[in-house]
2 protein chains.
Amino acid sequence: MKILVIGGMAAGATAAQFARKTDRKAEVTIIGKEPHPIYSKCGLPYSLSGRIPTFERLVEFDEQWFRQFRIGLRLGTEATSIDTSARTVTACDLRGGKEEVVPYDTLIIATGGHPWMPPIEGAYSAPGVLKEGVHLIRTIADGKRLSGNAWRDSRAVIIGGGLIGMEFAEALSVRGVHVSIVELQHEILLASLDEDMAAAARQIIEKSRTAVHLKYSAESIQGERRSESVRISNTETGEKKEIPADIVVISTGTKANTDIAVKAGCALGVTGQIKVDSRCATSVPGIFAAGDCTEYVDLITGAPVAVGMGTVATRQGRTAGINAAGGRSELPPGILGTRVTEAFGMHLAGVGPTEVQLRKAGIQPVVGRYVGSTLPSYIPGGEEILVKVLAHPDKGRLLGAQIVGTSRVHQRINAFAVAILAGMTLEQFSKLETAYAPPIAPTLDAITLACDVALMKMRRK
Amino acid sequence: MKILVIGGMAAGATAAQFARKTDRKAEVTIIGKEPHPIYSKCGLPYSLSGRIPTFERLVEFDEQWFRQFRIGLRLGTEATSIDTSARTVTACDLRGGKEEVVPYDTLIIATGGHPWMPPIEGAYSAPGVLKEGVHLIRTIADGKRLSGNAWRDSRAVIIGGGLIGMEFAEALSVRGVHVSIVELQHEILLASLDEDMAAAARQIIEKSRTAVHLKYSAESIQGERRSESVRISNTETGEKKEIPADIVVISTGTKANTDIAVKAGCALGVTGQIKVDSRCATSVPGIFAAGDCTEYVDLITGAPVAVGMGTVATRQGRTAGINAAGGRSELPPGILGTRVTEAFGMHLAGVGPTEVQLRKAGIQPVVGRYVGSTLPSYIPGGEEILVKVLAHPDKGRLLGAQIVGTSRVHQRINAFAVAILAGMTLEQFSKLETAYAPPIAPTLDAITLACDVALMKMRRK
C-alpha cells in the first residue's frame, strides 16, 4: 500500500504519522514544497520576538525522526499534477527542476494556504517581488526576512487586526519597533471575538505604545525602492492619513492552495476550499484532504467553514491519515473553533461562533457577561477575567464563549469547549463543581457565574 | 417569612445570601458560633504562610455587608436545640450565656464539622485542653495559635498526609519550620489521588526538606507541659521512631457537627452525616442542611459521600437557601468531587472517584496515563504535566481524572469535570478541539492524549 501526502506541515505531517501508525507496512511518503520538515507556523511571531531563540527551533520533527518512522520525505519538492486514473502525482524538485511521477493508492492533499494580498498600490517593486520592507508571512524564510528588518525604533504598520496581526504587532513591539495597526472594520479581532470583548482587548493594546486605526483601508505603500509610509483611507469619511512605515506587515487572511486539487476534480465548497466529509474524504475516490486547504462545517450553525487553525489541521491530519491507511476515524460533526492567543500581556480566547455569527445564522442568543477574578478576593494576586457566554434562547444550550484576561484563560475556554461539544445547557454548566483552592481559583468561578447571568436573563423573558 | 440559618461559614452564609435574593421580604438570620462573619477556612494555611497578609483578611463579607443585604447576624452564638413543632431554635450567647428562643418558618442547618482527634496519648494537658504545641486547626483562632508557635528552625510533625496536611506542611516550611509528615497508609493523599499519582507528588515533596513517614501511626506526644516529640509506630513491622516536635499538627480529617440535627430528628446517612436530597432537604419538614455536616451521593458510584469541600458547601448553600425561601433549585444528581491544591510548587488535582474507589464500587476502569508538557516542545518554558484518566470499560464513559504538575493544572481538571458531568466518552473527549497557541498550550493537549492512551487500551481488550 502506497500512501502519498502532498504537504508536510501540521496537517500533512500528522496525516503521515497516523497513516504510519495505522498500517505499519504501508509506504508513506510526504512531498513538501518547503526546505524544512514540519515546523510550527503559529510559532513564527515568537521566533521573531525572541521568545523562541531561533526560527530553526520551530521544526517539530527533524529528518531523522521521519527516517525512524519510515516516512519518506521529499523536501523542496512541489506536486504539480495528479493523475487520478493512473493514481500518480507528478512532483518537481524546486532546486534542480527534475520531474518525477510518484504512484499512490491513497492520496492526502494538505497543501495549506498562502497569505492573501489585498489590492494595495506600491506593494511590489517588480511583478511577484515585494518591495523592501513589505512582508507577507507564512514561512520561516518570510519570518527571517522580517526579523532582518525589525530594527529598534523603526516603525511598522500592520495591515489587518486579526489574531495573527496582533501576534506580529506584539512581537515587533518586543523588538522595540513602533507599531500601528490598520483595521478595515470598526473593531479589531472581529473574526474571533465580539465587539464588546474585542474593545476591552483593544483598550489594553492602546495603553502600550501601539496605535490602532479602525475603519481604515490601506490604499498604497509609498517609497521608491523600499517602504517609507502607508496611505490609509477612512472607509466612512474618506479621510486620508499617511503613516510612516519602515516595515509593512500584511496580515489580511489566507487563501487556500487548491489548484492541484481542483485540477484533480476535487469539489470545492462555498468558501472556495476543498470540501471534506467527517472522514476527511474529498469528492474524488482515494483522495483525502486536511488542514488549511479544506472546508468543513461549523458545529453550531452548520454553515460551511474555511479551515484555518492548527488545532483543526492537526485533528484533520490524524483523521485523514488513519482513513487513508484503511483505518476508521471520524471527526466530530463540526468545528468548535476553539481559539486562543497571547498578546500585549493579555490572553484572548473564544470557542464557537461569535454573537454576530450566531445572529447571521438566525439564532438570537442569550448572552451572559461576568467580570470576575482568577482568585478569591481575600488572597493577593487575583487578575481580572472577563467571560462572555452565548446560549440558545430556547433551552439554554451553550453555543459559544469568549474570555479576555491577563492569564488563566485558555483552559477556561476548554471547559466551555467540552460543554459545547457535549451539548450542555446553561443550567447544567452553572452547577459544575469547579476546582477550588485559595491560591488557584475561587469557589464560584467566572465561567459558571457568566452562565448564571445568562440564565437569569433567559428566565426573565 | 422567617428563614433561620445555623452556621455562618461557606454553606450557611451562602444559603442566607441566596435566601435573601430569592425572597426579598423574608427575614433572614444567621446564628454563628464563631466571632467572625464568613471567612475562608481553606485560606488558613495561606494566612499562616504569609501569602495572605493576616488572618483577618480571610473574612469574605464583613458585618456591614450583611447589614446591607438585611441579613441578621448573631455571632458568638450557639444554637443549642430545635423545637420542630413550635418551629423555634434556642440560641445561647457564648460570651454572656444569655439564652434566646428564635422562631423560624424554614431552617437551614450548616453546622460544619470539627477536626477529628485520633487516640494519641499525651495530646492533652488537661481534659479538653491541648498541650502547648499541639494543634487541631479549623478556625482563625486555631490558625493564630499555630502561627504564634511557628518559629524559624522549629520542628513540626504533621499527623495525616491528606490535602490539608500538605497545605499546612508547606505553609510551615515557608515559615522556616522543619516538617515531617506522618501517614498511616502506604501513601499520602490517597483520599484524593491514586497511589501512582500521589507517589509522583510525594517524590517532589521529599526533594524539599520535608520528611514523609508512610505506614506509621502516631502513638504518643512526649513532653511535660509542651510537645517535645512524637512517637510513631510502623503499622506493619511495629518498629518505633521518635521525631522531635516543637509543633504537632493533627490533620486526620473532620467529624460533622450533627448533634443539634440529630436531636431535631434529622436522619443521618451511613457516613454519620445529615442526609439531604437534591434540594438539600433533610428528613424533617421545613429543615434543610448544607455543607460539611451533610451527606450526599457520589455522581459516579452512587455511594453515599460525606460532604467536606468548600466547592460543594457553597453549591449546597445556594440550593438550600433558594429552596428554604420558597424558590426551586436542584443540585446535580451527585457530587463530582472536583479538587485541587497547590503545595511544594506543585498543583495536585482530581475529579471523580479514584481508581481504588471505582474498584470498590465494582467498576474495573480503563486507565490512561500521559506525561505531557504545558507547552509545545519548541518553545521554552513548558512544564511537565502528568494526566491520568479513568473510564468505564464498556463504552469508555469518563469517570475520573487526576493531574499532577507544577502549574496550569486546575482548569484542565475542570475540563474533565465538565466531561464527566455531561457523561462524555473517551472517544468524544479525545476529539475535543483544545485551545492552542505556542506560548499557551500544545495543539494536542495532555488531557486528550491521556484519553487516546485509554482508548487504545480499551480497543485492545
# chains A, B, ... in the order shown; residues from 1 in each chain; ligands from 1
>>> select_by_dssp(residues="stretch 56-290 of chain A", states="strand (DSSP E or B)", output="VMD selection string")
chain A and resid 59 71 to 74 77 to 83 88 to 93 99 to 103 106 to 109 113 to 115 121 124 to 126 129 to 130 132 134 to 136 155 to 159 178 to 183 211 to 214 216 to 222 226 229 to 234 240 to 244 247 to 250 254 to 256 268 274 to 275 281 287 to 289
>>> interface_residues(of="chain B", to="chain A", cutoff="8 Å", atoms="only C-alpha atoms", output="ChimeraX atom specification")
/B:42-43,46,51-52,57-60,310-312,314-315,331-332,335-342,349,377-380,408,410-419,421-422,424,428-429,431-441,443-444
>>> residues_around(residues="stretch 86-91 of chain A", least_positions_apart="6", cutoff="10 Å", atoms="only C-alpha atoms", output="list in words")
Leu4, Ile6, Ile31, Gly32, Lys33, Arg74, Thr77, Glu78, Ala79, Thr80, Gly97, Lys98, Glu99, Glu100, Val101, Val102, Pro103, Tyr104, Asp105, Thr106, Leu107, Ile260, Gly286 and Ile287 of chain A
>>> select_by_dssp(residues="stretch 53-283 of chain B", states="helix (DSSP H, G or I)", output="VMD selection string")
chain B and resid 56 to 58 63 to 68 140 to 149 163 to 174 195 to 207 259 to 263
>>> atom_distance(atom1="atom CA of B:His178", atom2="atom CA of B:Lys144")
18.9 Å
>>> residues_around(residues="A:Thr319", least_positions_apart="3", cutoff="9 Å", atoms="only C-alpha atoms", output="NGL selection string")
:A and (15 or 18 or 278-280 or 290 or 314-316 or 322-324 or 328-331)
>>> residues_around(residues="stretch 362-367 of chain B", least_positions_apart="3", cutoff="6 Å", atoms="only C-alpha atoms", output="PDB file with N, CA and C atoms, in the first residue's frame")
ATOM      1  N   LEU B 358     -13.290   3.343  42.543  1.00  0.00           N
ATOM      2  CA  LEU B 358     -14.093   2.734  41.480  1.00  0.00           C
ATOM      3  C   LEU B 358     -14.128   1.218  41.638  1.00  0.00           C
ATOM      4  N   ARG B 359     -12.955   0.639  41.913  1.00  0.00           N
ATOM      5  CA  ARG B 359     -12.902  -0.822  42.078  1.00  0.00           C
ATOM      6  C   ARG B 359     -13.775  -1.273  43.246  1.00  0.00           C
ATOM      7  N   VAL B 389      -6.513   9.377  33.347  1.00  0.00           N
ATOM      8  CA  VAL B 389      -7.972   9.338  33.188  1.00  0.00           C
ATOM      9  C   VAL B 389      -8.479   7.945  33.505  1.00  0.00           C
ATOM     10  N   LEU B 390      -9.696   7.893  34.000  1.00  0.00           N
ATOM     11  CA  LEU B 390     -10.353   6.634  34.356  1.00  0.00           C
ATOM     12  C   LEU B 390     -11.685   6.602  33.616  1.00  0.00           C
ATOM     13  N   ALA B 391     -11.947   5.491  32.930  1.00  0.00           N
ATOM     14  CA  ALA B 391     -13.183   5.417  32.151  1.00  0.00           C
ATOM     15  C   ALA B 391     -13.844   4.065  32.344  1.00  0.00           C
ATOM     16  N   HIS B 392     -15.139   4.025  32.057  1.00  0.00           N
ATOM     17  CA  HIS B 392     -15.876   2.777  32.193  1.00  0.00           C
ATOM     18  C   HIS B 392     -15.420   1.814  31.095  1.00  0.00           C
ATOM     19  N   PRO B 393     -15.219   0.537  31.456  1.00  0.00           N
ATOM     20  CA  PRO B 393     -14.657  -0.396  30.473  1.00  0.00           C
ATOM     21  C   PRO B 393     -15.612  -0.708  29.310  1.00  0.00           C
ATOM     22  N   ALA B 454      -5.966   5.641  26.898  1.00  0.00           N
ATOM     23  CA  ALA B 454      -7.015   4.787  27.466  1.00  0.00           C
ATOM     24  C   ALA B 454      -7.833   4.117  26.362  1.00  0.00           C
TER      25      ALA B 454
END
>>> residues_around(residues="A:Ala126", least_positions_apart="3", cutoff="12 Å", atoms="only C-alpha atoms", output="short mmCIF file (atom, residue, chain, number, x, y, z; two decimals) with C-alpha atoms, in the first residue's frame")
data_model
loop_
_atom_site.label_atom_id
_atom_site.label_comp_id
_atom_site.auth_asym_id
_atom_site.auth_seq_id
_atom_site.Cartn_x
_atom_site.Cartn_y
_atom_site.Cartn_z
CA GLY A 122 3.00 50.02 -4.43
CA ALA A 123 3.37 46.76 -2.52
CA VAL A 129 8.60 40.72 -5.83
CA LEU A 130 7.56 42.56 -2.66
CA LYS A 131 9.06 45.95 -2.11
CA GLU A 132 11.82 46.09 0.55
CA GLU A 224 10.79 54.25 -4.27
CA ARG A 225 12.77 51.11 -3.56
CA ARG A 226 11.62 50.40 -0.04
#
>>> residues_around(residues="B:Ser180", least_positions_apart="6", cutoff="12 Å", atoms="only C-alpha atoms", output="PDB file with N, CA, C and O atoms, in the first residue's frame")
ATOM      1  N   SER B 154      12.157  25.740  64.081  1.00  0.00           N
ATOM      2  CA  SER B 154      11.494  24.798  64.987  1.00  0.00           C
ATOM      3  C   SER B 154      11.109  23.567  64.162  1.00  0.00           C
ATOM      4  O   SER B 154      11.238  23.556  62.937  1.00  0.00           O
ATOM      5  N   ARG B 155      10.664  22.530  64.865  1.00  0.00           N
ATOM      6  CA  ARG B 155      10.387  21.267  64.175  1.00  0.00           C
ATOM      7  C   ARG B 155       8.918  20.896  64.339  1.00  0.00           C
ATOM      8  O   ARG B 155       8.378  20.954  65.441  1.00  0.00           O
ATOM      9  N   ALA B 156       8.310  20.559  63.230  1.00  0.00           N
ATOM     10  CA  ALA B 156       6.882  20.243  63.280  1.00  0.00           C
ATOM     11  C   ALA B 156       6.636  18.838  62.751  1.00  0.00           C
ATOM     12  O   ALA B 156       7.301  18.386  61.816  1.00  0.00           O
ATOM     13  N   VAL B 157       5.671  18.159  63.372  1.00  0.00           N
ATOM     14  CA  VAL B 157       5.187  16.886  62.834  1.00  0.00           C
ATOM     15  C   VAL B 157       3.727  17.084  62.439  1.00  0.00           C
ATOM     16  O   VAL B 157       2.921  17.566  63.241  1.00  0.00           O
ATOM     17  N   ILE B 158       3.447  16.768  61.170  1.00  0.00           N
ATOM     18  CA  ILE B 158       2.057  16.814  60.705  1.00  0.00           C
ATOM     19  C   ILE B 158       1.539  15.381  60.766  1.00  0.00           C
ATOM     20  O   ILE B 158       2.115  14.488  60.119  1.00  0.00           O
ATOM     21  N   ILE B 159       0.486  15.160  61.509  1.00  0.00           N
ATOM     22  CA  ILE B 159      -0.094  13.824  61.561  1.00  0.00           C
ATOM     23  C   ILE B 159      -1.263  13.786  60.591  1.00  0.00           C
ATOM     24  O   ILE B 159      -2.271  14.464  60.779  1.00  0.00           O
ATOM     25  N   GLY B 160      -1.080  13.031  59.488  1.00  0.00           N
ATOM     26  CA  GLY B 160      -2.109  12.956  58.447  1.00  0.00           C
ATOM     27  C   GLY B 160      -1.624  13.572  57.156  1.00  0.00           C
ATOM     28  O   GLY B 160      -1.371  14.771  57.096  1.00  0.00           O
ATOM     29  N   GLY B 161      -1.476  12.745  56.125  1.00  0.00           N
ATOM     30  CA  GLY B 161      -0.902  13.213  54.859  1.00  0.00           C
ATOM     31  C   GLY B 161      -1.942  13.431  53.781  1.00  0.00           C
ATOM     32  O   GLY B 161      -1.749  13.045  52.636  1.00  0.00           O
ATOM     33  N   GLY B 165      -3.236  18.403  55.232  1.00  0.00           N
ATOM     34  CA  GLY B 165      -1.927  18.169  55.843  1.00  0.00           C
ATOM     35  C   GLY B 165      -0.809  18.733  54.983  1.00  0.00           C
ATOM     36  O   GLY B 165       0.127  19.383  55.483  1.00  0.00           O
ATOM     37  N   MET B 166      -0.912  18.514  53.657  1.00  0.00           N
ATOM     38  CA  MET B 166       0.110  19.036  52.735  1.00  0.00           C
ATOM     39  C   MET B 166       0.147  20.554  52.771  1.00  0.00           C
ATOM     40  O   MET B 166       1.212  21.165  52.740  1.00  0.00           O
ATOM     41  N   PHE B 168      -0.709  22.605  55.203  1.00  0.00           N
ATOM     42  CA  PHE B 168      -0.067  23.110  56.427  1.00  0.00           C
ATOM     43  C   PHE B 168       1.428  22.776  56.445  1.00  0.00           C
ATOM     44  O   PHE B 168       2.236  23.565  56.922  1.00  0.00           O
ATOM     45  N   ALA B 169       1.789  21.616  55.902  1.00  0.00           N
ATOM     46  CA  ALA B 169       3.206  21.260  55.817  1.00  0.00           C
ATOM     47  C   ALA B 169       3.944  22.318  55.007  1.00  0.00           C
ATOM     48  O   ALA B 169       5.015  22.798  55.394  1.00  0.00           O
ATOM     49  N   GLU B 170       3.368  22.692  53.888  1.00  0.00           N
ATOM     50  CA  GLU B 170       4.044  23.686  53.066  1.00  0.00           C
ATOM     51  C   GLU B 170       4.089  25.047  53.741  1.00  0.00           C
ATOM     52  O   GLU B 170       5.123  25.719  53.732  1.00  0.00           O
ATOM     53  N   LEU B 172       4.136  25.759  56.869  1.00  0.00           N
ATOM     54  CA  LEU B 172       5.155  25.761  57.926  1.00  0.00           C
ATOM     55  C   LEU B 172       6.556  25.783  57.313  1.00  0.00           C
ATOM     56  O   LEU B 172       7.457  26.475  57.813  1.00  0.00           O
ATOM     57  N   SER B 173       6.756  25.043  56.209  1.00  0.00           N
ATOM     58  CA  SER B 173       8.060  25.070  55.525  1.00  0.00           C
ATOM     59  C   SER B 173       8.415  26.486  55.104  1.00  0.00           C
ATOM     60  O   SER B 173       9.551  26.928  55.278  1.00  0.00           O
ATOM     61  N   ILE B 205       7.783  16.373  47.058  1.00  0.00           N
ATOM     62  CA  ILE B 205       7.771  16.879  48.436  1.00  0.00           C
ATOM     63  C   ILE B 205       9.060  16.473  49.154  1.00  0.00           C
ATOM     64  O   ILE B 205       9.687  17.287  49.845  1.00  0.00           O
ATOM     65  N   GLU B 206       9.483  15.240  48.945  1.00  0.00           N
ATOM     66  CA  GLU B 206      10.670  14.754  49.652  1.00  0.00           C
ATOM     67  C   GLU B 206      11.950  15.448  49.179  1.00  0.00           C
ATOM     68  O   GLU B 206      12.941  15.474  49.901  1.00  0.00           O
ATOM     69  N   SER B 208      12.105  18.574  48.780  1.00  0.00           N
ATOM     70  CA  SER B 208      12.242  19.717  49.688  1.00  0.00           C
ATOM     71  C   SER B 208      12.745  19.135  51.008  1.00  0.00           C
ATOM     72  O   SER B 208      13.033  17.962  51.106  1.00  0.00           O
ATOM     73  N   ARG B 209      12.854  19.936  52.033  1.00  0.00           N
ATOM     74  CA  ARG B 209      13.429  19.396  53.281  1.00  0.00           C
ATOM     75  C   ARG B 209      12.391  18.670  54.133  1.00  0.00           C
ATOM     76  O   ARG B 209      12.542  18.555  55.338  1.00  0.00           O
ATOM     77  N   THR B 210      11.331  18.202  53.515  1.00  0.00           N
ATOM     78  CA  THR B 210      10.233  17.616  54.273  1.00  0.00           C
ATOM     79  C   THR B 210      10.322  16.086  54.253  1.00  0.00           C
ATOM     80  O   THR B 210      10.434  15.479  53.196  1.00  0.00           O
ATOM     81  N   ALA B 211      10.293  15.477  55.459  1.00  0.00           N
ATOM     82  CA  ALA B 211      10.355  14.015  55.550  1.00  0.00           C
ATOM     83  C   ALA B 211       8.937  13.451  55.548  1.00  0.00           C
ATOM     84  O   ALA B 211       8.024  14.061  56.105  1.00  0.00           O
ATOM     85  N   VAL B 212       8.757  12.310  54.886  1.00  0.00           N
ATOM     86  CA  VAL B 212       7.449  11.664  54.876  1.00  0.00           C
ATOM     87  C   VAL B 212       7.609  10.261  55.458  1.00  0.00           C
ATOM     88  O   VAL B 212       8.446   9.481  54.990  1.00  0.00           O
ATOM     89  N   HIS B 213       6.843   9.957  56.503  1.00  0.00           N
ATOM     90  CA  HIS B 213       6.876   8.629  57.119  1.00  0.00           C
ATOM     91  C   HIS B 213       5.590   7.906  56.768  1.00  0.00           C
ATOM     92  O   HIS B 213       4.523   8.228  57.301  1.00  0.00           O
ATOM     93  N   LEU B 214       5.676   6.940  55.866  1.00  0.00           N
ATOM     94  CA  LEU B 214       4.485   6.200  55.435  1.00  0.00           C
ATOM     95  C   LEU B 214       4.290   4.979  56.314  1.00  0.00           C
ATOM     96  O   LEU B 214       5.242   4.413  56.839  1.00  0.00           O
ATOM     97  N   TYR B 216       2.966   4.724  59.229  1.00  0.00           N
ATOM     98  CA  TYR B 216       3.253   4.943  60.642  1.00  0.00           C
ATOM     99  C   TYR B 216       2.018   5.524  61.317  1.00  0.00           C
ATOM    100  O   TYR B 216       1.368   6.403  60.765  1.00  0.00           O
ATOM    101  N   SER B 229       8.283  15.727  71.383  1.00  0.00           N
ATOM    102  CA  SER B 229       8.481  14.763  70.296  1.00  0.00           C
ATOM    103  C   SER B 229       7.224  13.922  70.114  1.00  0.00           C
ATOM    104  O   SER B 229       6.340  13.912  70.968  1.00  0.00           O
ATOM    105  N   VAL B 230       7.185  13.241  68.954  1.00  0.00           N
ATOM    106  CA  VAL B 230       6.060  12.349  68.667  1.00  0.00           C
ATOM    107  C   VAL B 230       6.618  10.948  68.490  1.00  0.00           C
ATOM    108  O   VAL B 230       7.598  10.750  67.759  1.00  0.00           O
ATOM    109  N   ILE B 232       6.114   7.402  66.915  1.00  0.00           N
ATOM    110  CA  ILE B 232       5.308   6.778  65.864  1.00  0.00           C
ATOM    111  C   ILE B 232       5.683   5.317  65.758  1.00  0.00           C
ATOM    112  O   ILE B 232       6.788   4.908  66.138  1.00  0.00           O
ATOM    113  N   GLU B 242      11.064   8.054  67.174  1.00  0.00           N
ATOM    114  CA  GLU B 242      10.672   9.251  67.914  1.00  0.00           C
ATOM    115  C   GLU B 242      11.132  10.471  67.118  1.00  0.00           C
ATOM    116  O   GLU B 242      12.309  10.585  66.778  1.00  0.00           O
ATOM    117  N   ILE B 243      10.205  11.320  66.769  1.00  0.00           N
ATOM    118  CA  ILE B 243      10.540  12.502  65.959  1.00  0.00           C
ATOM    119  C   ILE B 243      10.412  13.754  66.823  1.00  0.00           C
ATOM    120  O   ILE B 243       9.343  14.002  67.391  1.00  0.00           O
ATOM    121  N   PRO B 244      11.492  14.557  66.905  1.00  0.00           N
ATOM    122  CA  PRO B 244      11.411  15.803  67.666  1.00  0.00           C
ATOM    123  C   PRO B 244      10.289  16.675  67.119  1.00  0.00           C
ATOM    124  O   PRO B 244      10.122  16.765  65.892  1.00  0.00           O
ATOM    125  N   ALA B 245       9.521  17.279  67.987  1.00  0.00           N
ATOM    126  CA  ALA B 245       8.359  18.054  67.529  1.00  0.00           C
ATOM    127  C   ALA B 245       8.039  19.179  68.501  1.00  0.00           C
ATOM    128  O   ALA B 245       7.454  18.970  69.551  1.00  0.00           O
ATOM    129  N   ASP B 246       8.441  20.396  68.127  1.00  0.00           N
ATOM    130  CA  ASP B 246       8.011  21.568  68.882  1.00  0.00           C
ATOM    131  C   ASP B 246       6.546  21.849  68.591  1.00  0.00           C
ATOM    132  O   ASP B 246       5.838  22.441  69.390  1.00  0.00           O
ATOM    133  N   ILE B 247       6.149  21.427  67.383  1.00  0.00           N
ATOM    134  CA  ILE B 247       4.769  21.651  66.926  1.00  0.00           C
ATOM    135  C   ILE B 247       4.223  20.310  66.447  1.00  0.00           C
ATOM    136  O   ILE B 247       4.914  19.574  65.734  1.00  0.00           O
ATOM    137  N   VAL B 248       2.990  20.011  66.813  1.00  0.00           N
ATOM    138  CA  VAL B 248       2.296  18.856  66.237  1.00  0.00           C
ATOM    139  C   VAL B 248       0.990  19.366  65.646  1.00  0.00           C
ATOM    140  O   VAL B 248       0.207  20.023  66.347  1.00  0.00           O
ATOM    141  N   VAL B 249       0.795  19.115  64.357  1.00  0.00           N
ATOM    142  CA  VAL B 249      -0.484  19.494  63.729  1.00  0.00           C
ATOM    143  C   VAL B 249      -1.224  18.205  63.401  1.00  0.00           C
ATOM    144  O   VAL B 249      -0.704  17.362  62.662  1.00  0.00           O
TER     145      VAL B 249
END
>>> atom_distance(atom1="atom CA of A:Ser49", atom2="atom CA of A:Ala171")
4.4 Å
>>> atom_distance(atom1="atom CA of B:Leu348", atom2="atom CA of B:Val404")
4.8 Å
>>> closest_residue(among="B:Asp93, B:Glu219, B:Ile188, B:Leu48", to="B:Gly143", atoms="only C-alpha atoms")
B:Leu48
